[in-house]
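Visitor: The structure that follows is given in the form of structure tokens.
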Amino acid sequence: MVFCDTDGATFTIDPAAIEAAITPRTVGIIPVHLYGQPADMDAIMAIARKHKLWVIEDCAQAHLARYKGQQVGTFGAAATYSFYPGKNLGAMGDAGAVATNDDALAEHMTMLARHGGLVKHQHHIEGINSRLDGMQAAILSAKLPHLAQWTRARQNAAKFYDAGLNQIEDVVVPQVASDRTHVYHLYTIRHPRRDALAAHLNANGVQTAINYPTALPFLAAYARFGHRPEQFPNASSDQGKILSLPMFAEITEKQQGEVIELIRKF
């Protein structure tokens with residue numbers, strides 16, 4: 001497994017870093033549409049074609065997001081979606097899905113999720129039990145028709161935050177590339193005094209979150225690689241600056257106004 005730095009503006013993978021990381025052992029690329037903004041898929045797919053690599057899109061936070069008008073999850077060989085309760089489209093418990101237009105790949109993934117077979121008691125490969133239960137499917141089916149409306153509400157809320165926070169010193173609002181549609185699973189700002197700002201907001205009844213306090217290369221699980229901050233300067237820098245503000249489809253301008261005013265006072 002090889003990690004790449006982010007591009008410094010959108011929190012998504014830097015295509016130049018992908019190109020630099022490719023070796024004869026590289027087999028694929030996994031771009032993450034982080035916080036709800038698509039990665040630079042034209043550049044990523046061009047690199048994949050050049051080096052004959054597969055692409056799996058991580059769409060866990062990017063339901064209905066688009067890159068140059070095309071739905072995320074439709075570029076690579078497969079795409080993964082999370083329906084964890086907190087996601088833009090969430091079930092009442094853990095749930096998820098994989099999408100692909102490759103029939104053979106779809107059959108193989110179905111077998112993996114059903115103990116290695118398509119028919120009960122017939123196990124052709126080793127698999128796991130990873131089936132979406134009927135209750136979660138029913139809840140998702142009921143919520144799915146509302147997803148577009150909820151997405152527009154999140155985007156409108158982001159515009160309100162942008163307008164109120166853009167003029168506040170030291171606050172950097174989410175940067176959205178001109179060819180991408182952000183669906184704002186999270187509204188994540190940067191601030192040089194992030195921890196103090198978070199404490200100020202929390203003390204005044206505003207819950208915040210840090211998504212994510214440790215970039216992947218620096219997690220204990222990957223300590224064996226000996227990654228250094230200078231290898232991932234953007235991701236390393238963002239660890240201490242990012243702060244996710246309240247964001248959900250039903251948030252009101254009054255609630256957002258209170259958040260903005262508290263940040264202005266800070």
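Ordering of the structure tokens sets the chain letters (A, B, ...); residue numbers start at 1 within each chain; ligands are numbered from 1 in the order shown.
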Report the residues of segment 36-153 of chain A whose backbone DSSP state falls under strand (DSSP E), written as a ChimeraX atom specification.
Guide: /A:54-58,66-67,70-71,78-82,96-99
Visitor: Just asking: which residues within segment 112-209 of chain A are alpha helix (DSSP H) according to DSSP, as an mmCIF file with C-alpha atoms, in the first residue's frame?
Guide:
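Result written to out-v3.cif:
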```cif
data_model
loop_
_atom_site.group_PDB
_atom_site.id
_atom_site.type_symbol
_atom_site.label_atom_id
_atom_site.label_comp_id
_atom_site.auth_asym_id
_atom_site.auth_seq_id
_atom_site.Cartn_x
_atom_site.Cartn_y
_atom_site.Cartn_z
ATOM 1 C CA LEU A 112 -17.472 -12.711 -1.453
ATOM 2 C CA ALA A 113 -20.338 -11.115 0.480
ATOM 3 C CA GLY A 134 -33.725 -6.168 4.750
ATOM 4 C CA MET A 135 -34.492 -3.603 7.458
ATOM 5 C CA GLN A 136 -31.591 -1.369 6.427
ATOM 6 C CA ALA A 137 -32.521 -1.759 2.752
ATOM 7 C CA ALA A 138 -36.113 -0.734 3.494
ATOM 8 C CA ILE A 139 -34.993 2.362 5.396
ATOM 9 C CA LEU A 140 -32.601 3.369 2.619
ATOM 10 C CA SER A 141 -35.315 2.851 0.002
ATOM 11 C CA ALA A 142 -37.629 5.184 1.930
ATOM 12 C CA LYS A 143 -34.942 7.860 2.287
ATOM 13 C CA LEU A 147 -31.529 12.566 -1.204
ATOM 14 C CA ALA A 148 -31.484 15.169 -3.988
ATOM 15 C CA GLN A 149 -33.480 17.634 -1.863
ATOM 16 C CA TRP A 150 -31.256 17.025 1.162
ATOM 17 C CA THR A 151 -28.183 17.525 -1.013
ATOM 18 C CA ARG A 152 -29.440 20.920 -2.234
ATOM 19 C CA ALA A 153 -30.127 21.903 1.372
ATOM 20 C CA ARG A 154 -26.549 21.045 2.340
ATOM 21 C CA GLN A 155 -25.200 23.024 -0.611
ATOM 22 C CA ASN A 156 -27.316 26.058 0.333
ATOM 23 C CA ALA A 157 -26.107 25.799 3.914
ATOM 24 C CA ALA A 158 -22.510 25.719 2.654
ATOM 25 C CA LYS A 159 -23.112 28.921 0.665
ATOM 26 C CA PHE A 160 -24.435 30.594 3.813
ATOM 27 C CA TYR A 161 -21.359 29.524 5.769
ATOM 28 C CA ASP A 162 -19.077 30.678 2.938
ATOM 29 C CA ALA A 163 -20.632 34.148 2.859
ATOM 30 C CA GLY A 164 -20.384 34.576 6.630
ATOM 31 C CA LEU A 165 -16.937 33.100 7.183
ATOM 32 C CA ARG A 194 -7.998 25.006 15.495
ATOM 33 C CA ASP A 195 -7.959 23.476 18.970
ATOM 34 C CA ALA A 196 -8.618 26.794 20.701
ATOM 35 C CA LEU A 197 -11.423 27.604 18.240
ATOM 36 C CA ALA A 198 -13.001 24.189 18.788
ATOM 37 C CA ALA A 199 -12.852 24.646 22.554
ATOM 38 C CA HIS A 200 -14.468 28.085 22.213
ATOM 39 C CA LEU A 201 -17.311 26.729 20.091
ATOM 40 C CA ASN A 202 -17.859 23.682 22.277
ATOM 41 C CA ALA A 203 -17.934 25.860 25.411
#
```
Visitor: Would you write out, as a Markdown table, a table of all residues in segment 99-194 of chain A that have an atom no more than 12 Å from an atom of segment 209-214 of chain A, listing for each the closest atom pair and the distance in Å to one decimal, considering only C-alpha atoms and ordering rows by chain and rising residue number?
Guide:
```
| residue | atom | partner | partner_atom | distance |
| --- | --- | --- | --- | --- |
| A:His185 | CA | A:Asn211 | CA | 11.1 |
| A:Leu186 | CA | A:Asn211 | CA | 8.5 |
| A:Tyr187 | CA | A:Asn211 | CA | 10.0 |
| A:Thr188 | CA | A:Asn211 | CA | 8.0 |
| A:Ile189 | CA | A:Ile210 | CA | 10.0 |
| A:Arg190 | CA | A:Ile210 | CA | 10.5 |
| A:His191 | CA | A:Ile210 | CA | 11.8 |
| A:Arg194 | CA | A:Ile210 | CA | 9.3 |
```
Visitor: How would the residues just picked look written out with C-alpha atoms as a CSV table (one decimal), in the first residue's frame?
Guide:
```csv
chain,number,residue,atom,x,y,z
A,185,HIS,CA,-21.1,15.5,3.8
A,186,LEU,CA,-18.8,17.7,6.0
A,187,TYR,CA,-18.2,21.4,6.0
A,188,THR,CA,-14.5,21.6,7.0
A,189,ILE,CA,-12.6,24.8,7.5
A,190,ARG,CA,-9.0,25.4,8.2
A,191,HIS,CA,-7.8,27.6,11.1
A,194,ARG,CA,-8.0,25.0,15.5
```
Visitor: Show me, as an MDAnalysis selection string, the residues that have an atom within 10 Å of Thr26 of chain A when counting only C-alpha atoms, minus same-chain residues fewer than 2 positions from it.
Guide: chainID A and resid 1:2 21:24 28:29 51:54
Visitor: Can I get the selection written as a PDB file, in the first residue's frame, with N, CA and C atoms?
Guide:
```
ATOM      1  N   MET A   1       0.836  -1.185   0.000  1.00  0.00           N
ATOM      2  CA  MET A   1       0.000   0.000   0.000  1.00  0.00           C
ATOM      3  C   MET A   1       0.882   1.250   0.000  1.00  0.00           C
ATOM      4  N   VAL A   2       0.594   2.179  -0.907  1.00  0.00           N
ATOM      5  CA  VAL A   2       1.363   3.417  -1.020  1.00  0.00           C
ATOM      6  C   VAL A   2       0.402   4.597  -0.912  1.00  0.00           C
ATOM      7  N   ALA A  21       4.371   8.159  -7.436  1.00  0.00           N
ATOM      8  CA  ALA A  21       4.394   6.986  -6.555  1.00  0.00           C
ATOM      9  C   ALA A  21       4.300   5.663  -7.295  1.00  0.00           C
ATOM     10  N   ILE A  22       4.029   5.692  -8.590  1.00  0.00           N
ATOM     11  CA  ILE A  22       3.814   4.459  -9.345  1.00  0.00           C
ATOM     12  C   ILE A  22       5.135   3.724  -9.575  1.00  0.00           C
ATOM     13  N   THR A  23       5.090   2.421  -9.331  1.00  0.00           N
ATOM     14  CA  THR A  23       6.226   1.536  -9.567  1.00  0.00           C
ATOM     15  C   THR A  23       5.733   0.325 -10.375  1.00  0.00           C
ATOM     16  N   PRO A  24       6.633  -0.561 -10.803  1.00  0.00           N
ATOM     17  CA  PRO A  24       6.183  -1.767 -11.517  1.00  0.00           C
ATOM     18  C   PRO A  24       5.240  -2.646 -10.698  1.00  0.00           C
ATOM     19  N   GLY A  28      -3.283  -0.521  -8.897  1.00  0.00           N
ATOM     20  CA  GLY A  28      -4.504   0.267  -8.951  1.00  0.00           C
ATOM     21  C   GLY A  28      -4.406   1.559  -8.171  1.00  0.00           C
ATOM     22  N   ILE A  29      -5.448   2.374  -8.293  1.00  0.00           N
ATOM     23  CA  ILE A  29      -5.530   3.674  -7.621  1.00  0.00           C
ATOM     24  C   ILE A  29      -6.877   3.742  -6.911  1.00  0.00           C
ATOM     25  N   HIS A  51      -0.833   3.698 -17.276  1.00  0.00           N
ATOM     26  CA  HIS A  51      -0.076   2.644 -16.594  1.00  0.00           C
ATOM     27  C   HIS A  51      -0.855   1.333 -16.484  1.00  0.00           C
ATOM     28  N   LYS A  52      -2.029   1.286 -17.143  1.00  0.00           N
ATOM     29  CA  LYS A  52      -2.864   0.072 -17.141  1.00  0.00           C
ATOM     30  C   LYS A  52      -3.220  -0.357 -15.715  1.00  0.00           C
ATOM     31  N   LEU A  53      -3.788   0.585 -14.968  1.00  0.00           N
ATOM     32  CA  LEU A  53      -4.174   0.341 -13.578  1.00  0.00           C
ATOM     33  C   LEU A  53      -5.700   0.385 -13.429  1.00  0.00           C
ATOM     34  N   TRP A  54      -6.227  -0.373 -12.493  1.00  0.00           N
ATOM     35  CA  TRP A  54      -7.649  -0.233 -12.189  1.00  0.00           C
ATOM     36  C   TRP A  54      -7.864   0.947 -11.239  1.00  0.00           C
TER      37      TRP A  54
END
```
Visitor: As an exercise, work out the distance from atom CA of Arg264 of chain A to atom CA of Asn166 of chain A in Å and give it to one decimal place.
Guide: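 Distance reported for this atom pair: 10.6 Å.
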Visitor: Pick the closest to Gln231 of chain A from A:Asn129, A:Gln122, A:Thr6, A:Thr252: which is it, counting only C-alpha atoms?
Guide: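 Result for the nearest residue to Gln231 of chain A: A:Thr6.
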Visitor: Calculated over only C-alpha atoms, which of the candidates A:Met41, A:Cys4, A:Ile47, A:Val259 has the smallest distance to Met247 of chain A?
Guide: A:Val259
Visitor: Using only C-alpha atoms, which of the listed residues (A:Gly205, A:Gly76, A:Pro38, A:Gly257) sits closest to Leu64 of chain A?
Guide: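 Using only C-alpha atoms, the shortest distance to Leu64 of chain A belongs to A:Pro38.
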